[in-house]
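Report on the structure given below.
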Amino acid sequence: MPSTRHRRVTRWANIFIVVTVALGGMVCATDSSSACPAWPVCYANQVGPVIQAGWLENPVIEFVHRAISFAALVLLGVSGWMGRRHADPRVRILPWVALLCAIGSAVFGMMIILFTLPLGLSLLDLAFALIAMVLIAVTDAALRPGAARFAPSRPRPLLLSRLAAGALGVLIVMHLLGSIVAGTTADGVASFTRCLSWPLWEVHDIDRFPALQVLRIALAVTAIVLIVLVVLVAQRRGVGRLPAGLAAGLLVLELALGILITNAGLAPTQTNGIDATIAVTYSAVAVGIMWALAWVLGESLGAARPQSR
């Protein structure tokens, strides 16, 4: 059985990683990455950020993001070390893979600050961060009190696992496409579309590649269908009900915010004319949906399927 300390470390690693990813979305939505032009300090002659009000180009957001991400790396490493002899391969392996992905994302994040990062590496940065979040959430679920011990021959509720994994895969591709189709505003700032968020159900002149924009909308529709199925199957099987319900609630909120943004209209300006608070919330909710689905995946992988009589 895992120690209480091991469970706590992994739980905090899970929390810090999801906060790191959410803060990354906030940094993107507020164009705050360049507000701390040096690395790892904020300025060449000063460690900490200059305190300022408002969301946009706020160095405090970028600096806190760096601090939380560093703490997450430490916690991932400690979780992996403490679980190195655990019987469950998820606990032995996944924290290390998550740590490698998180390190890769951190290195690319540093390069974004110091250099101009090519699109391909920017996509890897985002993909690594999302994969790390999913893997440590699955590990955390495996260590929760009452989680079933790993047994290769034990039957699992495969349908729920496949639906949750499929929804996560679709969402990762959808978010990566956001970075690909994002254009540049009249102010020379990259479009808000590059930030973690759902598409706004329209093809926008601000962005590029209309065909890929349509594909992104189709992926969003697919994700909605899969999330609904996840909720239905979780309720029927009695596995992952809480995170499935959380994913559904966050999805409704994300769609409502999308309608609000669309009705207000976009503009070729910073954050595409979206109110900064709404833009930050829209990005954070998108992260929460993925984290909740990862939680469902972890619980379904650790649950036994009822034996037929």
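So you can find residues: chains in the structure tokens are A, B, ... in the order shown, residues in each start at 1, and ligands are numbered from 1 in order.
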
Inset, instruction - Name all residues at most 10 Å from region 139-146 of chain A (count only C-alpha atoms; drop same-chain ones fewer than 2 positions away) and give them as a VMD selection string. - result: chain A and resid 1 to 4 6 to 15 79 to 80 83 88 to 95 98 134 to 137 148 to 150 294 to 303

Inset, instruction - Determine, counting only C-alpha atoms, which protein, DNA and RNA residues have an atom within 7 Å of an atom of Glu62 (chain A); residues of the same chain fewer than 3 positions away are not included. Present the result as an NGL selection string. - result: :A and (27 or 32-33 or 36 or 59 or 65-66)

Inset, instruction - Please provide as a list in words all residues within 9 Å of Val189 (chain A), with the sequence filter that same-chain residues fewer than 4 positions apart are discarded (counting only C-alpha atoms). - result: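 My list of contacting residues is Asp31, Gly183, Thr184, Thr185, Thr269, Gln270 and Thr271 of chain A.
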
Inset, instruction - Find the residues near Ile259 (chain A): any atom within 12 Å, counting only C-alpha atoms, skip ones fewer than 3 places away on the same chain, and give them as a list in words. - result: Trp198, Pro199, Leu200, Trp201, Glu202, Val252, Leu253, Glu254, Leu255, Ala256, Thr262, Asn263, Ala264, Gly265, Leu266, Ile278 and Tyr282 of chain A

Legend entry - CA of Ile17 (chain A) to CA of Ser179 (chain A), straight-line distance in Å: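 These atoms are spaced 20.9 Å apart.
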
Sorted by chain and rising residue number, list the residues of region 214-292 of chain A at most 12 Å from region 158-171 of chain A (counting only C-alpha atoms), each with its closest atom pair and distance in Å to one decimal, as a tab-separated table.
residue	atom	partner	partner_atom	distance
A:Leu215	CA	A:Val170	CA	11.2
A:Arg216	CA	A:Leu171	CA	9.5
A:Ile217	CA	A:Leu171	CA	11.0
A:Ala218	CA	A:Val170	CA	10.0
A:Leu219	CA	A:Val170	CA	6.3
A:Ala220	CA	A:Leu171	CA	7.3
A:Val221	CA	A:Val170	CA	9.9
A:Thr222	CA	A:Val170	CA	7.5
A:Ala223	CA	A:Ala167	CA	5.4
A:Ile224	CA	A:Ala167	CA	8.3
A:Val225	CA	A:Ala167	CA	8.7
A:Leu226	CA	A:Ala167	CA	5.6
A:Ile227	CA	A:Ala167	CA	6.6
A:Val228	CA	A:Leu163	CA	9.7
A:Leu229	CA	A:Leu163	CA	7.2
A:Val230	CA	A:Leu163	CA	6.0
A:Val231	CA	A:Leu160	CA	9.0
A:Leu232	CA	A:Leu160	CA	9.4
A:Val233	CA	A:Leu160	CA	6.2
A:Ala234	CA	A:Leu160	CA	6.7
A:Gln235	CA	A:Leu160	CA	10.3
A:Arg236	CA	A:Leu160	CA	10.2
A:Arg237	CA	A:Leu160	CA	8.6
A:Gly238	CA	A:Leu160	CA	10.6
A:Val239	CA	A:Leu160	CA	8.5
A:Gly240	CA	A:Leu160	CA	8.9
A:Arg241	CA	A:Leu160	CA	11.0
A:Pro243	CA	A:Ala164	CA	10.9
A:Ala244	CA	A:Ala164	CA	9.2
A:Ala247	CA	A:Ala164	CA	10.6
A:Ala286	CA	A:Leu171	CA	9.2
A:Val287	CA	A:Leu171	CA	10.0
A:Gly288	CA	A:Leu168	CA	11.8
A:Ile289	CA	A:Leu168	CA	9.2
A:Met290	CA	A:Leu168	CA	6.4
A:Trp291	CA	A:Leu168	CA	9.1
A:Ala292	CA	A:Ala164	CA	9.6

Mind dumping the selected residues with C-alpha atoms as a PDB file, in the first residue's frame?
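Written output follows (again.pdb):
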ATOM      1  CA  LEU A 215     -11.821  20.961 -38.644  1.00  0.00           C
ATOM      2  CA  ARG A 216     -11.260  22.445 -35.202  1.00  0.00           C
ATOM      3  CA  ILE A 217     -14.990  23.101 -34.841  1.00  0.00           C
ATOM      4  CA  ALA A 218     -15.687  19.501 -35.914  1.00  0.00           C
ATOM      5  CA  LEU A 219     -13.264  18.245 -33.265  1.00  0.00           C
ATOM      6  CA  ALA A 220     -15.066  20.360 -30.658  1.00  0.00           C
ATOM      7  CA  VAL A 221     -18.399  18.779 -31.640  1.00  0.00           C
ATOM      8  CA  THR A 222     -16.791  15.337 -31.399  1.00  0.00           C
ATOM      9  CA  ALA A 223     -15.427  16.185 -27.951  1.00  0.00           C
ATOM     10  CA  ILE A 224     -18.878  17.281 -26.775  1.00  0.00           C
ATOM     11  CA  VAL A 225     -20.387  13.966 -27.898  1.00  0.00           C
ATOM     12  CA  LEU A 226     -17.620  11.990 -26.171  1.00  0.00           C
ATOM     13  CA  ILE A 227     -17.967  13.972 -22.934  1.00  0.00           C
ATOM     14  CA  VAL A 228     -21.730  13.343 -22.880  1.00  0.00           C
ATOM     15  CA  LEU A 229     -21.049   9.626 -23.367  1.00  0.00           C
ATOM     16  CA  VAL A 230     -18.442   9.715 -20.588  1.00  0.00           C
ATOM     17  CA  VAL A 231     -21.017  11.205 -18.212  1.00  0.00           C
ATOM     18  CA  LEU A 232     -23.676   8.633 -19.152  1.00  0.00           C
ATOM     19  CA  VAL A 233     -21.354   5.644 -18.859  1.00  0.00           C
ATOM     20  CA  ALA A 234     -19.824   6.916 -15.601  1.00  0.00           C
ATOM     21  CA  GLN A 235     -23.280   7.258 -14.054  1.00  0.00           C
ATOM     22  CA  ARG A 236     -24.320   3.810 -15.230  1.00  0.00           C
ATOM     23  CA  ARG A 237     -21.124   2.077 -14.091  1.00  0.00           C
ATOM     24  CA  GLY A 238     -20.789   4.025 -10.847  1.00  0.00           C
ATOM     25  CA  VAL A 239     -17.170   4.905 -11.675  1.00  0.00           C
ATOM     26  CA  GLY A 240     -15.812   8.437 -12.016  1.00  0.00           C
ATOM     27  CA  ARG A 241     -19.171  10.077 -11.390  1.00  0.00           C
ATOM     28  CA  PRO A 243     -15.093  14.077 -12.245  1.00  0.00           C
ATOM     29  CA  ALA A 244     -17.478  13.249 -15.089  1.00  0.00           C
ATOM     30  CA  ALA A 247     -16.337  17.862 -16.827  1.00  0.00           C
ATOM     31  CA  ALA A 286     -10.765  24.558 -21.019  1.00  0.00           C
ATOM     32  CA  VAL A 287      -7.918  23.288 -18.827  1.00  0.00           C
ATOM     33  CA  GLY A 288     -10.390  22.179 -16.155  1.00  0.00           C
ATOM     34  CA  ILE A 289     -12.349  20.089 -18.663  1.00  0.00           C
ATOM     35  CA  MET A 290      -9.224  18.167 -19.644  1.00  0.00           C
ATOM     36  CA  TRP A 291      -8.154  17.664 -16.034  1.00  0.00           C
ATOM     37  CA  ALA A 292     -11.587  16.305 -15.085  1.00  0.00           C
TER      38      ALA A 292
END

Legend entry - Length of the CA of Leu56 (chain A) to CA of His175 (chain A) vector [Å]: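 A separation of 21.9 Å between them.
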
Inset, instruction - Rank nothing, just name the residue among A:Ala127, A:Cys195, A:Leu257, A:Leu73 nearest to Asn272 (chain A), using only C-alpha atoms. - result: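 Closest to Asn272 (chain A), using only C-alpha atoms: A:Cys195.
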
Inset, instruction - Please provide as a VMD selection string all residues within 10 Å of Ile112 (chain A), with the sequence filter that same-chain residues fewer than 3 positions apart are discarded (counting only C-alpha atoms). - result: chain A and resid 33 to 34 37 106 to 109 115 to 118 121 to 122 125

Just the selected residues (C-alpha atoms), exported as an mmCIF file, in the first residue's frame, please.
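Once everything was written out, this is selection_31.cif:
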data_model
loop_
_atom_site.group_PDB
_atom_site.id
_atom_site.type_symbol
_atom_site.label_atom_id
_atom_site.label_comp_id
_atom_site.auth_asym_id
_atom_site.auth_seq_id
_atom_site.Cartn_x
_atom_site.Cartn_y
_atom_site.Cartn_z
ATOM 1 C CA SER A 33 5.186 36.180 -21.217
ATOM 2 C CA SER A 34 7.213 39.105 -22.544
ATOM 3 C CA PRO A 37 12.012 39.465 -20.461
ATOM 4 C CA ALA A 106 9.646 24.202 -19.238
ATOM 5 C CA VAL A 107 12.652 24.334 -21.584
ATOM 6 C CA PHE A 108 10.494 25.419 -24.496
ATOM 7 C CA GLY A 109 8.819 27.981 -22.241
ATOM 8 C CA PHE A 115 14.249 33.555 -28.302
ATOM 9 C CA THR A 116 11.634 33.257 -31.030
ATOM 10 C CA LEU A 117 10.290 29.720 -30.892
ATOM 11 C CA PRO A 118 9.281 28.026 -34.191
ATOM 12 C CA LEU A 121 8.450 23.607 -30.935
ATOM 13 C CA SER A 122 5.551 25.712 -29.650
ATOM 14 C CA ASP A 125 5.549 22.851 -25.584
#

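Non-sequential neighbours of region 46-53 of chain A (distance at most 10 Å, separation of 5 or more positions within a chain, only C-alpha atoms) are Ala35, Cys36, Ala38, Trp39, Pro40, Val41, Asn58, Pro59, Val60, Ile61, Glu62, Phe63 and Val64 of chain A.
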
Legend entry - Point-to-point distance from CA of Val97 (chain A) to CA of Ala67 (chain A), Å rounded to tenths: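 Value for the CA of Val97 (chain A)-CA of Ala67 (chain A) distance: 21.0 Å.
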